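Below: the structure, in structure tokens.
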Amino acid sequence: MTIPSRRLFLRIAGIGLLTTFGQSVSAVARAPAAALHLYKSPYCGCCQAWGQHMRGAGFSVVETNVEDLDPLKQRLGIPPELRSCHTATVQGYVVEGHVPAKDVLRMLSERPAATGLAVPGMPIGSPGMEQGQRIDPYSVVLFSPDRKTIFSRYR
């Protein structure tokens with residue numbers, strides 16, 4: 001019995017990994033993008049930058065410019081202390097402010113019983129609020145009418 005050389009073994013293993021990786025990537029590429037509806041001020045550049053961040057993560061983003069977002073935020077049940085400059089909806093959830101795409105994806109995967117996620121205010125370094133290397137600490141809050149919990153933290 002002949003034992004294959006290490007080089008041959010690595011080449012065969014590499015081809016197998018590439019084939020598996022290629023199948024995974026093509027499956028993701030075929031998955032439909034989650035439709036995210038972004039409500040924002042027509043004058044806010046950081047809101048538009050957050051929309052680009054979400055597109056980069058694979059979301060299909062539809063933007064609606066709104067002069068006064070307060071009635072929408074109230075109707076969607078966003079507490080005043082969690083509000084930010086823009087609001088989005090995706091698959092029955094609310095996304096308030098500069099929430100990182102990976103947190104939205106996690107929420108959509110886990111499907112918690114909640115209204116949605118929020119990043120209160122406009123923290124420097126959050127998606128859409130980038131300013132060089134500076135990142136101010138901030139938390140992503142999972143909220144519902146009767147509770148608020150920390151979903152993730154950034155430093």
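Just remember, in the structure tokens the first chain shown is A, the second B, etc., residues are 1-based per chain, and ligands are 1-based in the order shown.
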Task: Close residues, Gly97 in chain A itself excluded, 7 Å, only C-alpha atoms, min 3 positions apart in chain, as a VMD selection string - done: chain A and resid 83 to 87 118 to 120
What's around Val99 in chain A at 9 Å? Count only C-alpha atoms, leave out sequence neighbours fewer than 5 positions away in its own chain, and write the answer as an mmCIF file with all heavy atoms, in the first residue's frame.
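selection-v6.cif, written as the output of this step:
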data_model
loop_
_atom_site.group_PDB
_atom_site.id
_atom_site.type_symbol
_atom_site.label_atom_id
_atom_site.label_comp_id
_atom_site.auth_asym_id
_atom_site.auth_seq_id
_atom_site.Cartn_x
_atom_site.Cartn_y
_atom_site.Cartn_z
ATOM 1 N N TRP A 50 -25.708 54.635 7.373
ATOM 2 C CA TRP A 50 -26.168 53.409 8.038
ATOM 3 C C TRP A 50 -26.885 52.511 7.031
ATOM 4 O O TRP A 50 -26.710 51.294 7.039
ATOM 5 C CB TRP A 50 -27.078 53.732 9.225
ATOM 6 C CG TRP A 50 -27.489 52.507 9.977
ATOM 7 C CD1 TRP A 50 -26.757 51.816 10.900
ATOM 8 C CD2 TRP A 50 -28.732 51.799 9.846
ATOM 9 N NE1 TRP A 50 -27.474 50.729 11.358
ATOM 10 C CE2 TRP A 50 -28.687 50.700 10.728
ATOM 11 C CE3 TRP A 50 -29.874 51.999 9.082
ATOM 12 C CZ2 TRP A 50 -29.737 49.795 10.858
ATOM 13 C CZ3 TRP A 50 -30.927 51.097 9.208
ATOM 14 C CH2 TRP A 50 -30.848 50.011 10.096
ATOM 15 N N VAL A 104 -28.554 42.916 14.005
ATOM 16 C CA VAL A 104 -29.850 42.737 13.335
ATOM 17 C C VAL A 104 -29.944 41.305 12.797
ATOM 18 O O VAL A 104 -30.971 40.638 12.965
ATOM 19 C CB VAL A 104 -30.046 43.770 12.209
ATOM 20 C CG1 VAL A 104 -31.360 43.521 11.464
ATOM 21 C CG2 VAL A 104 -30.008 45.190 12.773
ATOM 22 N N LEU A 117 -34.532 46.288 18.298
ATOM 23 C CA LEU A 117 -33.237 46.707 18.810
ATOM 24 C C LEU A 117 -33.089 48.208 18.681
ATOM 25 O O LEU A 117 -33.622 48.819 17.751
ATOM 26 C CB LEU A 117 -32.102 46.045 18.014
ATOM 27 C CG LEU A 117 -31.978 44.536 18.090
ATOM 28 C CD1 LEU A 117 -30.892 44.059 17.128
ATOM 29 C CD2 LEU A 117 -31.673 44.092 19.506
ATOM 30 N N ALA A 118 -32.303 48.807 19.595
ATOM 31 C CA ALA A 118 -32.049 50.249 19.538
ATOM 32 C C ALA A 118 -30.637 50.559 19.996
ATOM 33 O O ALA A 118 -30.107 49.915 20.901
ATOM 34 C CB ALA A 118 -33.049 51.001 20.417
ATOM 35 N N VAL A 119 -30.049 51.552 19.355
ATOM 36 C CA VAL A 119 -28.836 52.206 19.839
ATOM 37 C C VAL A 119 -29.248 53.655 20.079
ATOM 38 O O VAL A 119 -29.419 54.419 19.129
ATOM 39 C CB VAL A 119 -27.669 52.113 18.836
ATOM 40 C CG1 VAL A 119 -26.517 53.011 19.268
ATOM 41 C CG2 VAL A 119 -27.194 50.679 18.693
ATOM 42 N N SER A 126 -20.197 53.985 15.831
ATOM 43 C CA SER A 126 -21.252 53.047 15.458
ATOM 44 C C SER A 126 -21.445 53.131 13.937
ATOM 45 O O SER A 126 -21.031 54.107 13.312
ATOM 46 C CB SER A 126 -22.547 53.366 16.209
ATOM 47 O OG SER A 126 -23.006 54.668 15.894
ATOM 48 N N PRO A 127 -22.049 52.116 13.306
ATOM 49 C CA PRO A 127 -22.216 52.152 11.852
ATOM 50 C C PRO A 127 -22.949 53.416 11.383
ATOM 51 O O PRO A 127 -24.020 53.739 11.869
ATOM 52 C CB PRO A 127 -23.056 50.898 11.559
ATOM 53 C CG PRO A 127 -22.755 49.982 12.694
ATOM 54 C CD PRO A 127 -22.581 50.878 13.885
ATOM 55 N N VAL A 140 -26.268 48.007 22.464
ATOM 56 C CA VAL A 140 -27.448 47.734 21.658
ATOM 57 C C VAL A 140 -28.479 47.167 22.624
ATOM 58 O O VAL A 140 -28.191 46.227 23.372
ATOM 59 C CB VAL A 140 -27.148 46.725 20.532
ATOM 60 C CG1 VAL A 140 -28.415 46.388 19.750
ATOM 61 C CG2 VAL A 140 -26.068 47.270 19.598
#
Write out as a PDB file with N, CA and C atoms, in the first residue's frame each polymer residue whose atoms come within 10 Å of range 88-90 of chain A, counting only C-alpha atoms; drop sequence neighbours fewer than 4 positions from it.
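Final output, saved to part_6.pdb:
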ATOM      1  N   ALA A  34     -32.900  40.153   3.173  1.00  0.00           N
ATOM      2  CA  ALA A  34     -33.983  40.612   4.036  1.00  0.00           C
ATOM      3  C   ALA A  34     -34.319  42.050   3.645  1.00  0.00           C
ATOM      4  N   ALA A  35     -35.595  42.337   3.440  1.00  0.00           N
ATOM      5  CA  ALA A  35     -36.037  43.682   3.072  1.00  0.00           C
ATOM      6  C   ALA A  35     -36.114  44.542   4.331  1.00  0.00           C
ATOM      7  N   LEU A  36     -35.371  45.614   4.344  1.00  0.00           N
ATOM      8  CA  LEU A  36     -35.328  46.538   5.473  1.00  0.00           C
ATOM      9  C   LEU A  36     -35.868  47.884   4.986  1.00  0.00           C
ATOM     10  N   HIS A  37     -36.840  48.423   5.694  1.00  0.00           N
ATOM     11  CA  HIS A  37     -37.411  49.718   5.332  1.00  0.00           C
ATOM     12  C   HIS A  37     -36.841  50.772   6.282  1.00  0.00           C
ATOM     13  N   LEU A  38     -36.095  51.720   5.740  1.00  0.00           N
ATOM     14  CA  LEU A  38     -35.414  52.761   6.508  1.00  0.00           C
ATOM     15  C   LEU A  38     -36.165  54.086   6.382  1.00  0.00           C
ATOM     16  N   TYR A  39     -36.587  54.618   7.529  1.00  0.00           N
ATOM     17  CA  TYR A  39     -37.248  55.926   7.586  1.00  0.00           C
ATOM     18  C   TYR A  39     -36.234  56.913   8.147  1.00  0.00           C
ATOM     19  N   LYS A  40     -35.972  57.990   7.409  1.00  0.00           N
ATOM     20  CA  LYS A  40     -34.912  58.914   7.803  1.00  0.00           C
ATOM     21  C   LYS A  40     -35.213  60.324   7.346  1.00  0.00           C
ATOM     22  N   GLY A  51     -27.680  53.102   6.157  1.00  0.00           N
ATOM     23  CA  GLY A  51     -28.345  52.329   5.104  1.00  0.00           C
ATOM     24  C   GLY A  51     -27.326  51.608   4.220  1.00  0.00           C
ATOM     25  N   PHE A  59     -28.602  43.309   3.213  1.00  0.00           N
ATOM     26  CA  PHE A  59     -30.005  43.703   3.309  1.00  0.00           C
ATOM     27  C   PHE A  59     -30.421  44.460   2.055  1.00  0.00           C
ATOM     28  N   SER A  60     -31.667  44.299   1.668  1.00  0.00           N
ATOM     29  CA  SER A  60     -32.278  45.086   0.609  1.00  0.00           C
ATOM     30  C   SER A  60     -32.929  46.282   1.314  1.00  0.00           C
ATOM     31  N   VAL A  61     -32.386  47.474   1.112  1.00  0.00           N
ATOM     32  CA  VAL A  61     -32.831  48.649   1.861  1.00  0.00           C
ATOM     33  C   VAL A  61     -33.699  49.546   0.991  1.00  0.00           C
ATOM     34  N   VAL A  62     -34.887  49.855   1.507  1.00  0.00           N
ATOM     35  CA  VAL A  62     -35.788  50.814   0.870  1.00  0.00           C
ATOM     36  C   VAL A  62     -35.814  52.031   1.787  1.00  0.00           C
ATOM     37  N   GLU A  63     -35.462  53.199   1.263  1.00  0.00           N
ATOM     38  CA  GLU A  63     -35.408  54.415   2.065  1.00  0.00           C
ATOM     39  C   GLU A  63     -36.629  55.283   1.825  1.00  0.00           C
ATOM     40  N   THR A  64     -37.185  55.808   2.927  1.00  0.00           N
ATOM     41  CA  THR A  64     -38.280  56.776   2.855  1.00  0.00           C
ATOM     42  C   THR A  64     -37.866  57.992   3.663  1.00  0.00           C
ATOM     43  N   LYS A  73     -42.141  56.841  15.318  1.00  0.00           N
ATOM     44  CA  LYS A  73     -41.482  56.226  16.474  1.00  0.00           C
ATOM     45  C   LYS A  73     -42.504  55.901  17.572  1.00  0.00           C
ATOM     46  N   LEU A  76     -44.630  52.910  16.496  1.00  0.00           N
ATOM     47  CA  LEU A  76     -43.883  51.657  16.540  1.00  0.00           C
ATOM     48  C   LEU A  76     -43.498  51.236  17.959  1.00  0.00           C
ATOM     49  N   VAL A  94     -38.461  46.309  14.849  1.00  0.00           N
ATOM     50  CA  VAL A  94     -38.037  47.701  14.722  1.00  0.00           C
ATOM     51  C   VAL A  94     -36.537  47.749  14.980  1.00  0.00           C
ATOM     52  N   VAL A  95     -35.832  48.557  14.201  1.00  0.00           N
ATOM     53  CA  VAL A  95     -34.408  48.796  14.418  1.00  0.00           C
ATOM     54  C   VAL A  95     -34.238  50.305  14.529  1.00  0.00           C
ATOM     55  N   GLU A  96     -33.895  50.766  15.721  1.00  0.00           N
ATOM     56  CA  GLU A  96     -33.802  52.201  15.988  1.00  0.00           C
ATOM     57  C   GLU A  96     -32.347  52.624  16.104  1.00  0.00           C
ATOM     58  N   GLY A  97     -31.946  53.531  15.237  1.00  0.00           N
ATOM     59  CA  GLY A  97     -30.607  54.105  15.326  1.00  0.00           C
ATOM     60  C   GLY A  97     -29.528  53.260  14.675  1.00  0.00           C
ATOM     61  N   VAL A 104     -28.554  42.916  14.005  1.00  0.00           N
ATOM     62  CA  VAL A 104     -29.850  42.737  13.335  1.00  0.00           C
ATOM     63  C   VAL A 104     -29.944  41.305  12.797  1.00  0.00           C
ATOM     64  N   LEU A 108     -32.696  38.480  13.868  1.00  0.00           N
ATOM     65  CA  LEU A 108     -33.531  37.785  12.892  1.00  0.00           C
ATOM     66  C   LEU A 108     -33.332  36.274  12.953  1.00  0.00           C
ATOM     67  N   GLY A 116     -37.880  45.167  19.169  1.00  0.00           N
ATOM     68  CA  GLY A 116     -36.723  45.319  18.298  1.00  0.00           C
ATOM     69  C   GLY A 116     -35.467  45.696  19.044  1.00  0.00           C
ATOM     70  N   LEU A 117     -34.532  46.288  18.298  1.00  0.00           N
ATOM     71  CA  LEU A 117     -33.237  46.707  18.810  1.00  0.00           C
ATOM     72  C   LEU A 117     -33.089  48.208  18.681  1.00  0.00           C
TER      73      LEU A 117
END
Open item on the list: Among range 51-143 of chain A, which residues does DSSP mark as helix (DSSP H, G or I) when it is run on the backbone? Keep the chain and numbering as in the structure and answer as a VMD selection string.
Closed with: chain A and resid 51 to 56 70 to 75 80 to 82 101 to 110
Open item on the list: Could you list, as a ChimeraX atom specification, every residue within 8 Å of Ala101 in chain A, counting only C-alpha atoms and ignoring same-chain residues fewer than 2 positions away?
Closed with: /A:53-54,57,99,103-105
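For the pair CA of Arg75 in chain A and CA of Gly58 in chain A, the separation is 27.4 Å.
Among the candidates A:Arg155, A:His98, A:Arg55, A:Arg106, the one nearest to Gln133 in chain A when counting only C-alpha atoms is A:Arg155.
Closest approach to Met107 in chain A among A:Ser144, A:Phe151, A:Pro137, A:Ala49: A:Phe151, based on only C-alpha atoms.
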- [ ] Measure the distance from CA of Asn65 in chain A to CA of Ser41 in chain A in Å and round it to one decimal.
- [x] 5.3 Å
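If you measure from each of A:Pro80, A:Pro112, A:Gly121, A:Gly128 to Cys47 in chain A using only C-alpha atoms, the closest one turns out to be A:Gly128.
All residues within range 65-145 of chain A that the backbone DSSP calculation assigns to strand (DSSP E) are Asn65, Thr87, Ala88, Thr89, Val90, Tyr93, Val94, Val95, Glu96, Gly97, Gly116, Leu117, Ala118, Val119, Tyr138, Ser139, Val140, Val141, Leu142, Phe143 and Ser144 of chain A.
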Based on the selection just made, write all heavy atoms of those residues as a short mmCIF file (atom, residue, chain, number, x, y, z; two decimals), in the first residue's frame.
data_model
loop_
_atom_site.label_atom_id
_atom_site.label_comp_id
_atom_site.auth_asym_id
_atom_site.auth_seq_id
_atom_site.Cartn_x
_atom_site.Cartn_y
_atom_site.Cartn_z
N ASN A 65 -37.83 59.15 3.01
CA ASN A 65 -37.52 60.39 3.71
C ASN A 65 -38.77 60.91 4.41
O ASN A 65 -39.84 60.96 3.81
CB ASN A 65 -36.99 61.44 2.73
CG ASN A 65 -35.61 61.09 2.22
OD1 ASN A 65 -34.78 60.57 2.96
ND2 ASN A 65 -35.35 61.37 0.96
N THR A 87 -35.14 55.29 11.90
CA THR A 87 -35.88 54.11 12.32
C THR A 87 -36.03 53.18 11.13
O THR A 87 -36.24 53.64 10.01
CB THR A 87 -37.28 54.51 12.84
OG1 THR A 87 -37.12 55.44 13.91
CG2 THR A 87 -38.09 53.31 13.30
N ALA A 88 -35.91 51.88 11.38
CA ALA A 88 -36.10 50.90 10.31
C ALA A 88 -37.01 49.79 10.80
O ALA A 88 -37.16 49.57 12.01
CB ALA A 88 -34.75 50.33 9.87
N THR A 89 -37.61 49.10 9.86
CA THR A 89 -38.40 47.91 10.16
C THR A 89 -37.89 46.78 9.27
O THR A 89 -37.51 47.01 8.11
CB THR A 89 -39.90 48.13 9.94
OG1 THR A 89 -40.12 48.54 8.58
CG2 THR A 89 -40.46 49.17 10.88
N VAL A 90 -37.86 45.58 9.85
CA VAL A 90 -37.41 44.41 9.09
C VAL A 90 -38.05 43.17 9.70
O VAL A 90 -37.97 42.95 10.91
CB VAL A 90 -35.86 44.30 9.06
CG1 VAL A 90 -35.26 44.19 10.46
CG2 VAL A 90 -35.41 43.16 8.18
N TYR A 93 -39.78 43.45 13.04
CA TYR A 93 -39.03 44.08 14.13
C TYR A 93 -38.73 45.54 13.79
O TYR A 93 -38.70 45.93 12.62
CB TYR A 93 -37.68 43.37 14.34
CG TYR A 93 -37.79 42.02 14.99
CD1 TYR A 93 -37.67 40.86 14.24
CD2 TYR A 93 -37.99 41.90 16.37
CE1 TYR A 93 -37.76 39.61 14.83
CE2 TYR A 93 -38.07 40.66 16.97
CZ TYR A 93 -37.95 39.52 16.21
OH TYR A 93 -38.02 38.28 16.80
N VAL A 94 -38.46 46.31 14.85
CA VAL A 94 -38.04 47.70 14.72
C VAL A 94 -36.54 47.75 14.98
O VAL A 94 -36.03 47.06 15.86
CB VAL A 94 -38.78 48.59 15.76
CG1 VAL A 94 -38.22 50.00 15.77
CG2 VAL A 94 -40.27 48.59 15.48
N VAL A 95 -35.83 48.56 14.20
CA VAL A 95 -34.41 48.80 14.42
C VAL A 95 -34.24 50.30 14.53
O VAL A 95 -34.45 51.03 13.56
CB VAL A 95 -33.54 48.23 13.27
CG1 VAL A 95 -32.06 48.49 13.53
CG2 VAL A 95 -33.81 46.73 13.09
N GLU A 96 -33.89 50.77 15.72
CA GLU A 96 -33.80 52.20 15.99
C GLU A 96 -32.35 52.62 16.10
O GLU A 96 -31.60 52.13 16.96
CB GLU A 96 -34.56 52.53 17.29
CG GLU A 96 -34.48 53.98 17.71
CD GLU A 96 -35.20 54.95 16.76
OE1 GLU A 96 -35.92 54.50 15.85
OE2 GLU A 96 -35.03 56.16 16.96
N GLY A 97 -31.95 53.53 15.24
CA GLY A 97 -30.61 54.11 15.33
C GLY A 97 -29.53 53.26 14.67
O GLY A 97 -29.78 52.42 13.82
N GLY A 116 -37.88 45.17 19.17
CA GLY A 116 -36.72 45.32 18.30
C GLY A 116 -35.47 45.70 19.04
O GLY A 116 -35.34 45.48 20.25
N LEU A 117 -34.53 46.29 18.30
CA LEU A 117 -33.24 46.71 18.81
C LEU A 117 -33.09 48.21 18.68
O LEU A 117 -33.62 48.82 17.75
CB LEU A 117 -32.10 46.05 18.01
CG LEU A 117 -31.98 44.54 18.09
CD1 LEU A 117 -30.89 44.06 17.13
CD2 LEU A 117 -31.67 44.09 19.51
N ALA A 118 -32.30 48.81 19.59
CA ALA A 118 -32.05 50.25 19.54
C ALA A 118 -30.64 50.56 20.00
O ALA A 118 -30.11 49.91 20.90
CB ALA A 118 -33.05 51.00 20.42
N VAL A 119 -30.05 51.55 19.35
CA VAL A 119 -28.84 52.21 19.84
C VAL A 119 -29.25 53.65 20.08
O VAL A 119 -29.42 54.42 19.13
CB VAL A 119 -27.67 52.11 18.84
CG1 VAL A 119 -26.52 53.01 19.27
CG2 VAL A 119 -27.19 50.68 18.69
N TYR A 138 -20.80 51.91 23.49
CA TYR A 138 -22.25 51.99 23.38
C TYR A 138 -22.84 50.59 23.50
O TYR A 138 -22.14 49.59 23.34
CB TYR A 138 -22.70 52.68 22.09
CG TYR A 138 -22.41 51.93 20.81
CD1 TYR A 138 -23.38 51.12 20.22
CD2 TYR A 138 -21.18 52.06 20.16
CE1 TYR A 138 -23.13 50.46 19.03
CE2 TYR A 138 -20.93 51.39 18.98
CZ TYR A 138 -21.90 50.59 18.41
OH TYR A 138 -21.65 49.94 17.23
N SER A 139 -24.12 50.55 23.78
CA SER A 139 -24.84 49.28 23.91
C SER A 139 -25.98 49.22 22.91
O SER A 139 -26.58 50.24 22.57
CB SER A 139 -25.42 49.13 25.32
OG SER A 139 -24.40 49.06 26.28
N VAL A 140 -26.27 48.01 22.46
CA VAL A 140 -27.45 47.73 21.66
C VAL A 140 -28.48 47.17 22.62
O VAL A 140 -28.19 46.23 23.37
CB VAL A 140 -27.15 46.73 20.53
CG1 VAL A 140 -28.42 46.39 19.75
CG2 VAL A 140 -26.07 47.27 19.60
N VAL A 141 -29.67 47.77 22.63
CA VAL A 141 -30.72 47.41 23.58
C VAL A 141 -31.82 46.63 22.86
O VAL A 141 -32.33 47.08 21.84
CB VAL A 141 -31.30 48.67 24.25
CG1 VAL A 141 -32.43 48.31 25.21
CG2 VAL A 141 -30.22 49.48 24.93
N LEU A 142 -32.16 45.47 23.41
CA LEU A 142 -33.32 44.71 22.96
C LEU A 142 -34.49 45.21 23.79
O LEU A 142 -34.41 45.23 25.02
CB LEU A 142 -33.11 43.21 23.18
CG LEU A 142 -34.26 42.29 22.77
CD1 LEU A 142 -34.36 42.20 21.24
CD2 LEU A 142 -34.04 40.90 23.36
N PHE A 143 -35.57 45.65 23.13
CA PHE A 143 -36.67 46.24 23.90
C PHE A 143 -38.02 45.71 23.47
O PHE A 143 -38.21 45.22 22.36
CB PHE A 143 -36.64 47.77 23.80
CG PHE A 143 -37.00 48.32 22.45
CD1 PHE A 143 -38.29 48.76 22.18
CD2 PHE A 143 -36.04 48.42 21.44
CE1 PHE A 143 -38.63 49.27 20.94
CE2 PHE A 143 -36.38 48.93 20.19
CZ PHE A 143 -37.66 49.36 19.94
N SER A 144 -38.95 45.79 24.41
CA SER A 144 -40.36 45.49 24.20
C SER A 144 -41.12 46.44 25.11
O SER A 144 -40.51 47.19 25.88
CB SER A 144 -40.64 44.02 24.53
OG SER A 144 -40.37 43.75 25.87
#
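Between CA of Thr115 in chain A and CA of Val66 in chain A there is a distance of 21.3 Å.
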